[in-house]
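See below for the structure under consideration.
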Amino acid sequence: MQAVQNCDVLVVGGGPAGSTIAALLAREGRQVVLLEKEHHPRFHIGESLLPGNVELFDKLGVREQVQKIGMPKFGIEFVPPDLDYCSYVDFAEGWDPSKDSAWQVRRSELDELLFRNAAKAGAIEGAKVREVDFDESGATVQALLDDGASRTWRARFVVDASGRDTVLANKLKCKKKNPDHNSTALFGHFRNARRLEGKREGNISICWFEHGWFWFIPLADGTTSVGAVCWAYYLKARDKPLKDYFFDTIALCPELRDRLKDATLVDDKVHATGNFSYSSTHATGERYLMVGDAFTFIDPMFSSGVYLAMQSAFDGAELVRTALERPEQLPAARAALEKRMRVGPRDYSWFIYRVTNPTIRDMFMHPQNIFKVKQGLMSLLAADIHHGRAYRHSLLMFKVVYYFVSMLNWRRTYAGWKRHRFNIRDMGALRGETILKAD
């Protein structure tokens, strides 16, 4: 029989959240084991970063490495479906002007960079966790390696950073589907797409269309990531090969169609995935913590995924220290972290659930700084979500203005609400994602 190996902390998942928390804890001299089921580099979507990430890269000591693989990004372009102009906003317009830029990156490159940075931890690729069993003094974790061998660890603490595999949330039956959002995504990479000019070349473009929204993300190697986040009913109506359906969908957005008229699809490949939002009832336990998408997943419209994952890892590292060194303080630390980890998903979700409403579109297309609401919005979009009282007040006033305008235009608001309820209805078989596979 194979001997059981001991460690202080075992981290499940080698994405941004897992690699970050493993690096932070290993830096302190703790015995950390990091298990990743795949091998880096591996494909992953979610290529747009936020200014809030930059400070975290600095603290990890990888900022220069990320900068070398990144395309500078200074703001966002909003493209409406039925108007002949676009709206541009810059991150520097937020409460903290120093949070003025980030990068667009290939996630395969970023994730590998962060994983290799965690090398001081016992980082193992090709290790799929099969069982996690807790007891009074820790946890026993069993994993199957891709060569067929089994390995077992005994850990004092477990961090679940398994992303949408949600290893612990599934085990504990605490994962809850979000009833207010139900979408799918089609995406591919293009060469020779027409980009914005000058400083705005690397900005992400968000393009609305009848059945959802598109992302347009320029990458440093000259390719451009383009994806359509659609309501489930739209993709269920697909009656042709996935690639053809994707191009038909692009044709529904005139501006995007024009940008891609001379472009070619890389590897002639289109990807598809379900995008069902969810959250867990809790993120912490006496001997475990869930971070990043293992805790909650929200629509990627505002590029918040990598930031929320890494920030939860930084915050979670302090909880792990408390659990291992000061267990008598753990209840208070857990309560504080549970509250903090809900701030970002809550702030972003409020906008995401209303983003198809005409009032929100108008406010994005004609951003005004009355009551400092634009500064609040730009701080949110820059991931400066813990800025303090000024940010909270301006975000509150944004909502006040939104509700006031909505009441003045109550017929339009009601029609938008009805359309949203129709869009998020349960589509049954689509939930299994079999319909999403390419032909």
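Following the order of the structure tokens, first chain is A, next is B, and so on, with residues numbered from 1 inside each chain and ligands from 1 in the order they appear.
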
**Report entry** Surrounding residues of A:Lys374 excluding itself and chain neighbours under 3 positions, 10 Å, only C-alpha atoms, as a ChimeraX atom specification
**Finding:** /A:89,93-95,363-364,367-371,377-380,394-395,397-398

Kindly save the residues from that selection, with all heavy atoms included, as a short mmCIF file (atom, residue, chain, number, x, y, z; two decimals), in the first residue's frame.
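Result file is out_26.cif:
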data_model
loop_
_atom_site.label_atom_id
_atom_site.label_comp_id
_atom_site.auth_asym_id
_atom_site.auth_seq_id
_atom_site.Cartn_x
_atom_site.Cartn_y
_atom_site.Cartn_z
N VAL A 89 -15.40 54.53 -22.17
CA VAL A 89 -15.12 54.93 -20.79
C VAL A 89 -13.72 54.44 -20.43
O VAL A 89 -13.28 53.39 -20.88
CB VAL A 89 -16.16 54.35 -19.81
CG1 VAL A 89 -17.52 54.99 -20.04
CG2 VAL A 89 -16.26 52.83 -19.93
N GLU A 93 -11.15 57.20 -14.87
CA GLU A 93 -12.24 58.06 -14.44
C GLU A 93 -12.86 57.61 -13.13
O GLU A 93 -13.81 58.22 -12.64
CB GLU A 93 -13.32 58.11 -15.53
CG GLU A 93 -12.84 58.69 -16.85
CD GLU A 93 -13.91 58.64 -17.93
OE1 GLU A 93 -14.05 57.59 -18.59
OE2 GLU A 93 -14.63 59.65 -18.10
N GLY A 94 -12.34 56.53 -12.54
CA GLY A 94 -12.85 56.05 -11.26
C GLY A 94 -12.32 56.86 -10.09
O GLY A 94 -11.61 57.86 -10.25
N TRP A 95 -12.62 56.39 -8.87
CA TRP A 95 -12.20 57.12 -7.67
C TRP A 95 -10.69 57.11 -7.50
O TRP A 95 -10.11 58.02 -6.90
CB TRP A 95 -12.87 56.53 -6.43
CG TRP A 95 -14.27 57.01 -6.24
CD1 TRP A 95 -15.43 56.34 -6.51
CD2 TRP A 95 -14.66 58.30 -5.76
NE1 TRP A 95 -16.52 57.14 -6.24
CE2 TRP A 95 -16.08 58.34 -5.76
CE3 TRP A 95 -13.96 59.42 -5.34
CZ2 TRP A 95 -16.80 59.45 -5.34
CZ3 TRP A 95 -14.67 60.54 -4.91
CH2 TRP A 95 -16.06 60.55 -4.92
N MET A 363 -27.73 54.68 -19.60
CA MET A 363 -26.76 55.22 -18.65
C MET A 363 -25.34 54.84 -19.03
O MET A 363 -24.40 55.61 -18.78
CB MET A 363 -27.10 54.73 -17.24
CG MET A 363 -28.42 55.27 -16.71
SD MET A 363 -28.89 54.65 -15.08
CE MET A 363 -27.75 55.56 -14.02
N PHE A 364 -25.14 53.68 -19.65
CA PHE A 364 -23.82 53.29 -20.12
C PHE A 364 -23.44 54.07 -21.39
O PHE A 364 -22.28 54.41 -21.57
CB PHE A 364 -23.78 51.79 -20.42
CG PHE A 364 -23.57 50.93 -19.20
CD1 PHE A 364 -23.87 51.40 -17.93
CD2 PHE A 364 -23.08 49.65 -19.33
CE1 PHE A 364 -23.68 50.61 -16.82
CE2 PHE A 364 -22.88 48.85 -18.21
CZ PHE A 364 -23.19 49.34 -16.95
N PRO A 367 -22.85 58.23 -20.15
CA PRO A 367 -22.42 58.28 -18.75
C PRO A 367 -22.25 59.71 -18.26
O PRO A 367 -21.51 60.50 -18.85
CB PRO A 367 -21.10 57.52 -18.75
CG PRO A 367 -20.58 57.63 -20.15
CD PRO A 367 -21.80 57.66 -21.03
N GLN A 368 -22.98 60.06 -17.21
CA GLN A 368 -22.88 61.37 -16.58
C GLN A 368 -22.36 61.20 -15.16
O GLN A 368 -22.57 60.16 -14.53
CB GLN A 368 -24.26 62.05 -16.56
CG GLN A 368 -24.90 62.21 -17.93
CD GLN A 368 -24.13 63.16 -18.83
OE1 GLN A 368 -23.62 64.18 -18.35
NE2 GLN A 368 -24.03 62.83 -20.11
N ASN A 369 -21.70 62.22 -14.64
CA ASN A 369 -21.11 62.11 -13.31
C ASN A 369 -21.90 62.82 -12.24
O ASN A 369 -21.38 63.20 -11.20
CB ASN A 369 -19.66 62.63 -13.31
CG ASN A 369 -18.84 62.02 -12.20
OD1 ASN A 369 -19.08 60.88 -11.79
ND2 ASN A 369 -17.87 62.77 -11.69
N ILE A 370 -23.21 63.00 -12.47
CA ILE A 370 -24.07 63.57 -11.45
C ILE A 370 -24.03 62.69 -10.21
O ILE A 370 -24.09 61.46 -10.31
CB ILE A 370 -25.52 63.72 -11.98
CG1 ILE A 370 -26.40 64.37 -10.91
CG2 ILE A 370 -26.08 62.40 -12.46
CD1 ILE A 370 -27.80 64.66 -11.39
N PHE A 371 -23.89 63.29 -9.05
CA PHE A 371 -23.75 62.58 -7.77
C PHE A 371 -22.55 61.62 -7.78
O PHE A 371 -22.52 60.66 -7.03
CB PHE A 371 -25.02 61.78 -7.44
CG PHE A 371 -26.28 62.60 -7.41
CD1 PHE A 371 -27.37 62.24 -8.19
CD2 PHE A 371 -26.37 63.73 -6.60
CE1 PHE A 371 -28.53 62.98 -8.17
CE2 PHE A 371 -27.53 64.49 -6.58
CZ PHE A 371 -28.62 64.13 -7.37
N LEU A 377 -19.22 53.86 -11.03
CA LEU A 377 -19.30 52.83 -12.07
C LEU A 377 -17.90 52.45 -12.54
O LEU A 377 -17.58 51.26 -12.67
CB LEU A 377 -20.13 53.34 -13.24
CG LEU A 377 -20.18 52.42 -14.47
CD1 LEU A 377 -20.84 51.09 -14.12
CD2 LEU A 377 -20.91 53.10 -15.63
N MET A 378 -17.05 53.44 -12.78
CA MET A 378 -15.72 53.13 -13.30
C MET A 378 -14.84 52.44 -12.24
O MET A 378 -14.00 51.62 -12.58
CB MET A 378 -15.03 54.40 -13.80
CG MET A 378 -15.70 55.00 -15.04
SD MET A 378 -16.10 53.76 -16.30
CE MET A 378 -14.50 53.03 -16.62
N SER A 379 -15.07 52.75 -10.98
CA SER A 379 -14.35 52.03 -9.93
C SER A 379 -14.77 50.57 -9.91
O SER A 379 -13.95 49.67 -9.72
CB SER A 379 -14.60 52.67 -8.57
OG SER A 379 -13.98 53.94 -8.49
N LEU A 380 -16.06 50.32 -10.11
CA LEU A 380 -16.55 48.94 -10.20
C LEU A 380 -15.91 48.23 -11.38
O LEU A 380 -15.40 47.11 -11.25
CB LEU A 380 -18.07 48.94 -10.34
CG LEU A 380 -18.71 47.56 -10.58
CD1 LEU A 380 -18.68 46.73 -9.31
CD2 LEU A 380 -20.14 47.71 -11.10
N SER A 394 -21.35 56.53 -4.19
CA SER A 394 -21.58 56.80 -5.62
C SER A 394 -22.29 55.62 -6.29
O SER A 394 -23.11 55.82 -7.19
CB SER A 394 -20.26 57.09 -6.34
OG SER A 394 -19.34 56.03 -6.20
N LEU A 395 -22.01 54.39 -5.84
CA LEU A 395 -22.71 53.23 -6.38
C LEU A 395 -24.18 53.26 -5.96
O LEU A 395 -25.07 52.93 -6.75
CB LEU A 395 -22.04 51.95 -5.90
CG LEU A 395 -22.14 50.73 -6.84
CD1 LEU A 395 -21.47 51.04 -8.17
CD2 LEU A 395 -21.51 49.51 -6.19
N MET A 397 -25.92 55.97 -5.35
CA MET A 397 -26.58 57.02 -6.12
C MET A 397 -26.84 56.58 -7.56
O MET A 397 -27.83 56.98 -8.17
CB MET A 397 -25.74 58.30 -6.09
CG MET A 397 -25.63 58.92 -4.71
SD MET A 397 -27.25 59.11 -3.88
CE MET A 397 -28.11 60.20 -5.04
N PHE A 398 -25.94 55.75 -8.12
CA PHE A 398 -26.20 55.19 -9.45
C PHE A 398 -27.52 54.43 -9.44
O PHE A 398 -28.35 54.57 -10.34
CB PHE A 398 -25.06 54.27 -9.88
CG PHE A 398 -25.16 53.79 -11.31
CD1 PHE A 398 -24.37 54.33 -12.30
CD2 PHE A 398 -26.08 52.80 -11.68
CE1 PHE A 398 -24.47 53.91 -13.63
CE2 PHE A 398 -26.19 52.37 -12.98
CZ PHE A 398 -25.39 52.92 -13.96
#

Give me the residues near stretch 404-413 of chain A as an mmCIF file with N, CA and C atoms, in the first residue's frame, where near means some atom within 10 Å (using only C-alpha atoms) and where sequence neighbours in that chain fewer than 5 positions away do not count.
data_model
loop_
_atom_site.group_PDB
_atom_site.id
_atom_site.type_symbol
_atom_site.label_atom_id
_atom_site.label_comp_id
_atom_site.auth_asym_id
_atom_site.auth_seq_id
_atom_site.Cartn_x
_atom_site.Cartn_y
_atom_site.Cartn_z
ATOM 1 N N ASN A 357 -31.688 45.951 -19.767
ATOM 2 C CA ASN A 357 -32.737 46.945 -19.561
ATOM 3 C C ASN A 357 -32.362 48.246 -20.280
ATOM 4 N N PRO A 358 -33.299 48.854 -21.002
ATOM 5 C CA PRO A 358 -32.987 50.084 -21.751
ATOM 6 C C PRO A 358 -32.433 51.214 -20.884
ATOM 7 N N THR A 359 -32.874 51.288 -19.624
ATOM 8 C CA THR A 359 -32.390 52.365 -18.757
ATOM 9 C C THR A 359 -30.897 52.219 -18.489
ATOM 10 N N ILE A 360 -30.454 51.001 -18.180
ATOM 11 C CA ILE A 360 -29.024 50.767 -17.951
ATOM 12 C C ILE A 360 -28.238 51.046 -19.225
ATOM 13 N N MET A 363 -27.726 54.678 -19.604
ATOM 14 C CA MET A 363 -26.760 55.222 -18.647
ATOM 15 C C MET A 363 -25.336 54.844 -19.033
ATOM 16 N N PHE A 398 -25.943 55.747 -8.118
ATOM 17 C CA PHE A 398 -26.202 55.193 -9.451
ATOM 18 C C PHE A 398 -27.517 54.431 -9.437
ATOM 19 N N LYS A 399 -27.723 53.616 -8.414
ATOM 20 C CA LYS A 399 -28.947 52.827 -8.318
ATOM 21 C C LYS A 399 -30.164 53.721 -8.109
ATOM 22 N N LYS A 418 -40.261 41.999 -18.365
ATOM 23 C CA LYS A 418 -40.921 40.832 -18.956
ATOM 24 C C LYS A 418 -39.976 40.103 -19.913
ATOM 25 N N ARG A 419 -39.223 40.854 -20.690
ATOM 26 C CA ARG A 419 -38.295 40.246 -21.635
ATOM 27 C C ARG A 419 -37.197 39.480 -20.891
#

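For the pair atom CA of A:Thr356 and atom CA of A:Arg107, the separation is 27.6 Å.
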
Query raised in the report: Mind checking DSSP for stretch 65-303 of chain A and telling me the strand (DSSP E) residues as a ChimeraX atom specification?
Result: /A:71-73,75-79,87-90,102-104,122-125,127-135,138-145,150-160,175-177,183-191,204-209,212-218,223-231,264-265,271-275,278-280,288-290,296-297

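For A:Gly29, the non-local neighbours within 12 Å, defined as residues at least 2 positions apart in the same chain or in other chains and counting only C-alpha atoms, are Cys7, Asp8, Val9, Ala22, Ala23, Leu24, Leu25, Ala26, Arg27, Gln31, Val32, Lys120, Ala121, Gly122 and Arg321 of chain A.
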
Using N, CA and C atoms, can you write the selected residues to a file as a tab-separated table (two decimals), in the first residue's frame?
chain	number	residue	atom	x	y	z
A	7	CYS	N	0.67	17.16	4.74
A	7	CYS	CA	0.91	18.57	4.37
A	7	CYS	C	0.07	19.45	5.27
A	8	ASP	N	0.43	20.72	5.30
A	8	ASP	CA	-0.37	21.68	6.06
A	8	ASP	C	-1.66	22.02	5.30
A	9	VAL	N	-1.50	22.33	4.01
A	9	VAL	CA	-2.63	22.78	3.19
A	9	VAL	C	-2.60	22.05	1.86
A	22	ALA	N	-1.73	29.10	-3.14
A	22	ALA	CA	-0.64	28.16	-2.90
A	22	ALA	C	0.70	28.90	-2.81
A	23	ALA	N	0.91	29.86	-3.71
A	23	ALA	CA	2.16	30.63	-3.69
A	23	ALA	C	2.29	31.45	-2.41
A	24	LEU	N	1.19	32.07	-1.98
A	24	LEU	CA	1.23	32.90	-0.78
A	24	LEU	C	1.56	32.07	0.46
A	25	LEU	N	0.94	30.89	0.58
A	25	LEU	CA	1.16	30.06	1.75
A	25	LEU	C	2.52	29.39	1.72
A	26	ALA	N	2.96	28.95	0.55
A	26	ALA	CA	4.28	28.32	0.44
A	26	ALA	C	5.38	29.33	0.73
A	27	ARG	N	5.15	30.59	0.37
A	27	ARG	CA	6.12	31.66	0.63
A	27	ARG	C	6.41	31.78	2.12
A	31	GLN	N	3.91	23.71	4.37
A	31	GLN	CA	3.89	22.57	3.47
A	31	GLN	C	2.57	22.61	2.69
A	32	VAL	N	2.66	22.91	1.41
A	32	VAL	CA	1.49	23.07	0.56
A	32	VAL	C	1.58	22.10	-0.61
A	120	LYS	N	7.12	26.59	-5.36
A	120	LYS	CA	7.57	26.25	-4.02
A	120	LYS	C	6.59	25.32	-3.33
A	121	ALA	N	5.34	25.37	-3.76
A	121	ALA	CA	4.37	24.39	-3.27
A	121	ALA	C	4.61	23.09	-4.04
A	122	GLY	N	4.13	22.00	-3.50
A	122	GLY	CA	4.24	20.73	-4.22
A	122	GLY	C	3.21	20.70	-5.32
A	321	ARG	N	-4.16	31.05	7.59
A	321	ARG	CA	-3.20	31.33	8.65
A	321	ARG	C	-3.88	31.30	10.02
